[in-house]
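Okay, query_5.cif is below, mmCIF, C-alpha atoms and all ligand atoms:
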```
data_coords
#
loop_
_atom_site.label_atom_id
_atom_site.label_comp_id
_atom_site.auth_asym_id
_atom_site.auth_seq_id
_atom_site.Cartn_x
_atom_site.Cartn_y
_atom_site.Cartn_z
CA MET A 116 66.83 88.01 -86.17
CA PRO A 117 69.70 87.96 -88.65
CA ILE A 118 70.00 90.88 -91.04
CA THR A 119 69.71 90.05 -94.72
CA PRO A 120 71.96 92.30 -96.81
CA ALA A 121 69.97 94.32 -99.35
CA GLU A 122 70.85 96.38 -102.43
CA ILE A 123 71.58 99.40 -100.25
CA ASP A 124 74.24 97.43 -98.33
CA CYS A 125 77.89 97.02 -99.26
CA LEU A 126 80.54 94.83 -97.67
CA VAL A 127 83.92 96.57 -97.45
CA ILE A 128 86.80 94.13 -96.95
CA VAL A 129 89.73 96.08 -95.57
CA ASP A 130 93.37 95.24 -96.38
CA LEU A 131 93.18 91.45 -96.37
CA GLN A 132 96.75 91.32 -97.65
CA VAL A 133 99.74 89.02 -97.18
CA ASP A 134 101.80 91.54 -95.18
CA PHE A 135 99.06 91.81 -92.53
CA LEU A 136 98.70 88.06 -92.12
CA PRO A 137 100.87 85.87 -89.84
CA GLY A 138 104.35 85.69 -91.41
CA GLY A 139 103.85 89.05 -93.14
CA ARG A 140 105.90 92.20 -92.63
CA LEU A 141 103.26 93.87 -90.46
CA ALA A 142 101.51 90.76 -89.22
CA VAL A 143 98.31 91.22 -87.22
CA ALA A 144 98.05 88.54 -84.51
CA ASP A 145 95.53 85.91 -85.52
CA GLY A 146 94.91 87.89 -88.72
CA ASP A 147 94.24 84.78 -90.77
CA ALA A 148 91.22 84.05 -88.55
CA VAL A 149 89.29 86.74 -90.43
CA ILE A 150 89.59 85.01 -93.80
CA ALA A 151 86.84 82.42 -93.30
CA PRO A 152 84.22 84.88 -91.98
CA ALA A 153 85.17 87.44 -94.65
CA GLU A 154 84.74 84.82 -97.36
CA ALA A 155 81.38 83.77 -95.92
CA LEU A 156 80.22 87.39 -95.72
CA ALA A 157 81.31 88.11 -99.30
CA GLY A 158 78.93 85.39 -100.45
CA ARG A 159 76.00 87.06 -98.71
CA PHE A 160 76.36 90.55 -100.16
CA ALA A 161 75.41 91.66 -103.66
CA ASN A 162 77.83 94.56 -103.30
CA VAL A 163 81.46 94.00 -102.29
CA VAL A 164 84.35 96.47 -102.27
CA MET A 165 87.90 95.79 -101.13
CA THR A 166 90.66 98.13 -100.02
CA GLN A 167 94.33 97.46 -100.67
CA ASP A 168 97.20 99.18 -98.86
CA TRP A 169 99.57 100.15 -101.67
CA HIS A 170 102.76 102.05 -100.81
CA PRO A 171 105.82 103.19 -102.74
CA ALA A 172 109.04 101.66 -101.32
CA ASP A 173 110.06 104.98 -99.75
CA HIS A 174 106.70 105.69 -98.12
CA ILE A 175 106.68 108.25 -95.32
CA SER A 176 104.93 105.86 -92.90
CA PHE A 177 107.88 103.45 -92.97
CA ALA A 178 110.23 103.71 -89.97
CA SER A 179 113.05 102.82 -92.37
CA GLN A 180 112.65 106.28 -93.96
CA HIS A 181 113.37 108.08 -90.68
CA PRO A 182 116.91 107.57 -89.36
CA GLY A 183 116.95 106.71 -85.66
CA LYS A 184 113.28 105.78 -85.59
CA ALA A 185 111.91 102.32 -84.94
CA PRO A 186 108.62 100.74 -85.99
CA PHE A 187 105.62 101.65 -83.77
CA GLU A 188 107.22 104.93 -82.64
CA MET A 189 105.22 108.08 -83.31
CA LEU A 190 106.33 110.93 -85.51
CA ALA A 191 104.74 114.36 -86.01
CA LEU A 192 104.13 114.99 -89.72
CA ASP A 193 102.57 118.06 -91.40
CA TYR A 194 99.17 116.40 -91.36
CA GLY A 195 99.34 115.13 -87.78
CA PRO A 196 100.79 112.32 -85.66
CA GLN A 197 101.87 109.27 -87.62
CA VAL A 198 102.64 105.77 -86.31
CA LEU A 199 105.81 104.51 -87.98
CA TRP A 200 105.46 101.02 -89.43
CA PRO A 201 107.74 98.31 -90.69
CA ASP A 202 107.95 98.46 -94.51
CA HIS A 203 104.76 96.80 -95.77
CA CYS A 204 102.46 96.46 -98.78
CA VAL A 205 105.02 97.85 -101.21
CA ILE A 206 103.46 98.37 -104.64
CA GLY A 207 103.68 95.21 -106.71
CA SER A 208 105.31 93.12 -103.97
CA GLU A 209 104.09 89.73 -102.82
CA GLY A 210 103.20 91.23 -99.44
CA ALA A 211 100.83 93.71 -101.08
CA ALA A 212 98.84 90.91 -102.72
CA PHE A 213 95.52 89.75 -101.29
CA ALA A 214 95.51 86.62 -99.11
CA PRO A 215 96.31 83.68 -101.39
CA GLY A 216 93.22 82.03 -102.82
CA LEU A 217 90.88 84.69 -101.45
CA LYS A 218 87.61 84.09 -103.30
CA ALA A 219 86.16 87.41 -102.17
CA VAL A 220 88.43 89.04 -104.75
CA GLU A 221 86.20 87.56 -107.44
CA ARG A 222 83.11 88.99 -105.72
CA ALA A 223 84.60 92.48 -105.39
CA GLN A 224 83.31 95.06 -107.84
CA LEU A 225 85.87 97.68 -106.85
CA VAL A 226 89.33 97.67 -105.29
CA ILE A 227 90.35 100.95 -103.70
CA ARG A 228 94.14 101.27 -103.50
CA LYS A 229 95.34 103.67 -100.83
CA GLY A 230 98.54 105.13 -99.48
CA PHE A 231 100.10 105.35 -102.94
CA ARG A 232 101.36 108.91 -102.43
CA ARG A 233 104.82 108.92 -100.87
CA GLY A 234 104.11 111.73 -98.43
CA VAL A 235 100.67 110.78 -97.07
CA ASP A 236 99.45 107.62 -95.37
CA SER A 237 95.88 106.40 -95.78
CA TYR A 238 94.36 104.08 -93.21
CA SER A 239 90.90 104.98 -94.41
CA GLY A 240 89.38 103.69 -97.61
CA PHE A 241 87.61 107.04 -97.97
CA ARG A 242 90.15 109.77 -97.16
CA GLU A 243 93.92 109.96 -96.93
CA ALA A 244 95.57 110.76 -93.60
CA ASP A 245 95.65 114.49 -94.41
CA ARG A 246 91.88 114.06 -93.82
CA GLN A 247 91.19 116.00 -97.03
CA THR A 248 92.15 113.98 -100.08
CA PRO A 249 89.28 111.69 -101.08
CA THR A 250 89.88 108.25 -102.58
CA GLY A 251 86.63 108.37 -104.53
CA LEU A 252 84.93 105.64 -102.51
CA ALA A 253 82.17 107.87 -101.09
CA GLY A 254 81.17 109.02 -104.57
CA TYR A 255 81.23 105.48 -105.90
CA LEU A 256 79.00 104.18 -103.12
CA ARG A 257 76.59 107.09 -103.47
CA GLU A 258 76.27 106.65 -107.21
CA ARG A 259 75.46 103.01 -106.63
CA GLY A 260 72.74 103.83 -104.12
CA ILE A 261 74.56 102.34 -101.14
CA GLU A 262 73.37 103.57 -97.73
CA ARG A 263 75.04 101.19 -95.30
CA VAL A 264 78.49 99.62 -95.21
CA PHE A 265 79.58 96.54 -93.30
CA LEU A 266 83.30 96.40 -92.58
CA CYS A 267 85.63 93.49 -91.97
CA GLY A 268 89.36 92.83 -92.35
CA LEU A 269 92.59 94.22 -90.88
CA ALA A 270 93.22 95.90 -88.64
CA THR A 271 90.28 96.82 -86.40
CA ASP A 272 92.05 99.72 -84.69
CA PHE A 273 93.53 101.35 -87.79
CA CYS A 274 92.27 100.79 -91.32
CA VAL A 275 88.91 99.28 -90.33
CA ALA A 276 88.22 101.97 -87.71
CA TRP A 277 89.26 104.90 -89.89
CA THR A 278 87.23 103.57 -92.80
CA ALA A 279 84.19 103.12 -90.53
CA LEU A 280 84.57 106.64 -89.10
CA ASP A 281 84.85 108.15 -92.56
CA ALA A 282 81.85 106.17 -93.73
CA ARG A 283 79.86 107.85 -90.96
CA ALA A 284 81.33 111.26 -91.82
CA ALA A 285 80.25 110.74 -95.44
CA GLY A 286 76.68 109.98 -94.33
CA PHE A 287 76.62 106.18 -94.53
CA ALA A 288 75.50 103.86 -91.76
CA ALA A 289 78.47 101.73 -90.68
CA VAL A 290 78.65 98.32 -89.02
CA VAL A 291 81.90 96.65 -87.98
CA VAL A 292 81.67 92.85 -88.15
CA GLU A 293 83.71 92.08 -85.07
CA ASP A 294 84.56 88.42 -85.55
CA ALA A 295 85.75 89.20 -89.07
CA CYS A 296 88.34 91.75 -87.84
CA ARG A 297 91.54 91.56 -85.80
CA ALA A 298 93.53 94.40 -84.20
CA ILE A 299 97.17 95.50 -83.97
CA ASP A 300 96.57 97.16 -80.57
CA THR A 301 99.66 99.31 -80.08
CA ASN A 302 99.60 102.10 -77.43
CA ASN A 303 96.03 101.33 -76.39
CA SER A 304 94.89 101.88 -79.98
CA LEU A 305 92.09 99.31 -79.91
CA ALA A 306 90.20 100.80 -76.95
CA ALA A 307 90.71 104.30 -78.37
CA ALA A 308 89.38 103.22 -81.77
CA TRP A 309 86.26 101.64 -80.28
CA ALA A 310 85.58 104.72 -78.15
CA GLU A 311 85.72 106.91 -81.25
CA MET A 312 83.63 104.55 -83.32
CA GLU A 313 80.94 104.36 -80.65
CA LYS A 314 80.88 108.14 -80.41
CA ALA A 315 80.45 108.37 -84.18
CA GLY A 316 77.56 105.92 -84.23
CA VAL A 317 79.38 102.95 -85.75
CA SER A 318 77.62 99.77 -84.68
CA ARG A 319 79.09 96.31 -84.16
CA MET A 320 77.77 92.92 -85.05
CA ASN A 321 78.94 89.34 -85.42
CA SER A 322 78.91 87.64 -88.81
CA ALA A 323 76.42 85.04 -87.53
CA ALA A 324 73.86 87.87 -87.33
CA ILE A 325 74.17 88.58 -91.06
CA GLY A 326 72.69 85.96 -93.30
ZN ZN B 401 100.11 100.98 -94.79
#
```

Just give me the structure of the file as structure tokens.
Ligand SMILES: [Zn+2]
Amino acid sequence: MPITPAEIDCLVIVDLQVDFLPGGRLAVADGDAVIAPAEALAGRFANVVMTQDWHPADHISFASQHPGKAPFEMLALDYGPQVLWPDHCVIGSEGAAFAPGLKAVERAQLVIRKGFRRGVDSYSGFREADRQTPTGLAGYLRERGIERVFLCGLATDFCVAWTALDARAAGFAAVVVEDACRAIDTNNSLAAAWAEMEKAGVSRMNSAAIG
């Protein structure tokens, strides 16, 4: 039986931005395949929130800021291990914009921008990578009476997974809509992310089961 989204449900569309799509600066393979299911899902939910990766040009997660380091290498920062990325989603740039023509933007009631502090990354839509600084999303969802979030977007093993894990930590039920996500999968990150999500009680579903 398909699930019908109710008032307590919110769709969270994660980082559906030009730089994460094929041709972008941090392209996720097959990333554009999530657009159609994300659009369809957005039409089925009364509550829609989007996240937007939003970095200053000298952001600490960029390999370009660390001489001798290359993208996808790891670096130990004060707050923990950090994957170094190609420059991406720079504030105000074309690459930081949502996928062109994305209708879900019109359905979204809130856009959470994240990673805007130079010295801290933020995969999660709830908490920055120091694992302490809230974005305000948990409070927003609570005030609106949301109890369950459905997640889709890019990328499964980073921003989707961290957002799902933090949703659980904040007391929400969390469902990852698998066919509406794609992964980066560097250093076994996809399997590791799923293992953690399963442990935390994040469930998975296909978009056909939500109608
Ligand atoms: Zn980023």

Subject >> Protein and nucleic residues near ligand ZN 401 (chain B), 7 Å, only C-alpha atoms and all ligand atoms, as a ChimeraX atom specification >> reply: /A:168-170,203-204,230,236-238

Original post:
For Leu141 of chain A, which residue out of A:Arg228, A:Ala270, A:Ala315, A:Ala306 is the nearest one, using all atoms listed in the file?
Top reply: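 That would be A:Ala270, the residue with the smallest distance to Leu141 of chain A.
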
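Neighbourhood of point (80.1, 85.3, -97.2): residues with an atom at most 10 Å away, counting all atoms listed in the file, are Leu126, Ala151, Pro152, Ala153, Glu154, Ala155, Leu156, Ala157, Gly158, Arg159, Phe160, Lys218, Ala219, Arg222, Ser322, Ile325 and Gly326 of chain A.
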
Subject >> Interatomic distance, atom CA of Arg232 of chain A to atom CA of Val292 of chain A (Å, one decimal) >> reply: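 Interatomic distance here is 29.1 Å.
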
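Each of A:Ser176, A:Asn162, A:Gln197, A:Ser208 was checked against Ile123 of chain A using only C-alpha atoms; the smallest atom-to-atom distance is that of A:Asn162.
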
Original post:
A:Gln224, A:Pro117, A:Lys184, A:Ile299: which is nearest Gly268 of chain A, counting all atoms listed in the file?
Top reply: A:Ile299

Local residues around (105.9, 108.6, -83.8), at most 10 Å away, using all atoms listed in the file, as a PDB file with C-alpha atoms, in the coordinates of the input:
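Okay, selection.pdb is ready:
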```
ATOM      1  CA  SER A 176     104.930 105.860 -92.900  1.00  0.00           C
ATOM      2  CA  ALA A 178     110.230 103.710 -89.970  1.00  0.00           C
ATOM      3  CA  LYS A 184     113.280 105.780 -85.590  1.00  0.00           C
ATOM      4  CA  ALA A 185     111.910 102.320 -84.940  1.00  0.00           C
ATOM      5  CA  PRO A 186     108.620 100.740 -85.990  1.00  0.00           C
ATOM      6  CA  PHE A 187     105.620 101.650 -83.770  1.00  0.00           C
ATOM      7  CA  GLU A 188     107.220 104.930 -82.640  1.00  0.00           C
ATOM      8  CA  MET A 189     105.220 108.080 -83.310  1.00  0.00           C
ATOM      9  CA  LEU A 190     106.330 110.930 -85.510  1.00  0.00           C
ATOM     10  CA  ALA A 191     104.740 114.360 -86.010  1.00  0.00           C
ATOM     11  CA  LEU A 192     104.130 114.990 -89.720  1.00  0.00           C
ATOM     12  CA  PRO A 196     100.790 112.320 -85.660  1.00  0.00           C
ATOM     13  CA  GLN A 197     101.870 109.270 -87.620  1.00  0.00           C
ATOM     14  CA  VAL A 198     102.640 105.770 -86.310  1.00  0.00           C
ATOM     15  CA  LEU A 199     105.810 104.510 -87.980  1.00  0.00           C
ATOM     16  CA  TRP A 200     105.460 101.020 -89.430  1.00  0.00           C
TER      17      TRP A 200
END
```

Subject >> Straight-line distance linking atom CA of Lys314 of chain A with atom CA of Arg257 of chain A, stated in Å to one decimal >> reply: 23.5 Å

Subject >> Residue neighbourhood Arg140 of chain A, 9 Å, only C-alpha atoms, exclusion window fewer than 5 positions, as a list of chain:residue names >> reply: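 Using only C-alpha atoms, the neighbours found are A:Val133, A:Asp134, A:Phe135, A:Pro201, A:Asp202, A:His203, A:Cys204, A:Gly210.
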
Based on the selection just made, write C-alpha atoms of those residues as a tab-separated table (two decimals), in the coordinates of the input.
```tsv
chain	number	residue	atom	x	y	z
A	133	VAL	CA	99.74	89.02	-97.18
A	134	ASP	CA	101.80	91.54	-95.18
A	135	PHE	CA	99.06	91.81	-92.53
A	201	PRO	CA	107.74	98.31	-90.69
A	202	ASP	CA	107.95	98.46	-94.51
A	203	HIS	CA	104.76	96.80	-95.77
A	204	CYS	CA	102.46	96.46	-98.78
A	210	GLY	CA	103.20	91.23	-99.44
```

**OP:** Compare A:Cys267, A:Val205, A:Ala144, A:Ile227 by their minimum atom-to-atom distance to Val291 of chain A, counting all atoms listed in the file, and give me the closest one.
**Re:**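 Going through A:Cys267, A:Val205, A:Ala144, A:Ile227 one by one, the smallest distance to Val291 of chain A is for A:Cys267.
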
Subject >> Nearest-residue call for Asp130 of chain A, choices A:Val149, A:Cys274, A:Leu217, A:Val143, using only C-alpha atoms >> reply: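 Smallest separation from Asp130 of chain A among the options: A:Cys274.
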
**OP:** For each of A:Ala282, A:Ala161, A:Leu136, A:Val275, take the minimum atom-to-atom distance to Thr119 of chain A, counting all atoms listed in the file, then give the residue where this is smallest.
**Re:** A:Ala161

**OP:** Can you work out the spacing between atom CA of Ala121 of chain A and atom CA of Arg319 of chain A in Å, to one decimal?
**Re:**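 So the answer is 17.8 Å.
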
Which residues of segment 275-301 of chain A have any atom within 12 Å of an atom in segment 239-242 of chain A when counting all atoms listed in the file, and what is the closest pair of atoms for each, with the distance in Å to one decimal? Order the rows by chain and rising number and write it as a tab-separated table.
```
residue	atom	partner	partner_atom	distance
A:Val275	CA	A:Ser239	CA	7.3
A:Ala276	CA	A:Ser239	CA	7.8
A:Trp277	CA	A:Ser239	CA	4.8
A:Thr278	CA	A:Ser239	CA	4.2
A:Ala279	CA	A:Ser239	CA	8.0
A:Leu280	CA	A:Ser239	CA	8.4
A:Asp281	CA	A:Phe241	CA	6.2
A:Ala282	CA	A:Phe241	CA	7.2
A:Arg283	CA	A:Phe241	CA	10.5
A:Ala284	CA	A:Phe241	CA	9.8
A:Ala285	CA	A:Phe241	CA	8.6
A:Gly286	CA	A:Phe241	CA	11.9
A:Phe287	CA	A:Phe241	CA	11.5
```
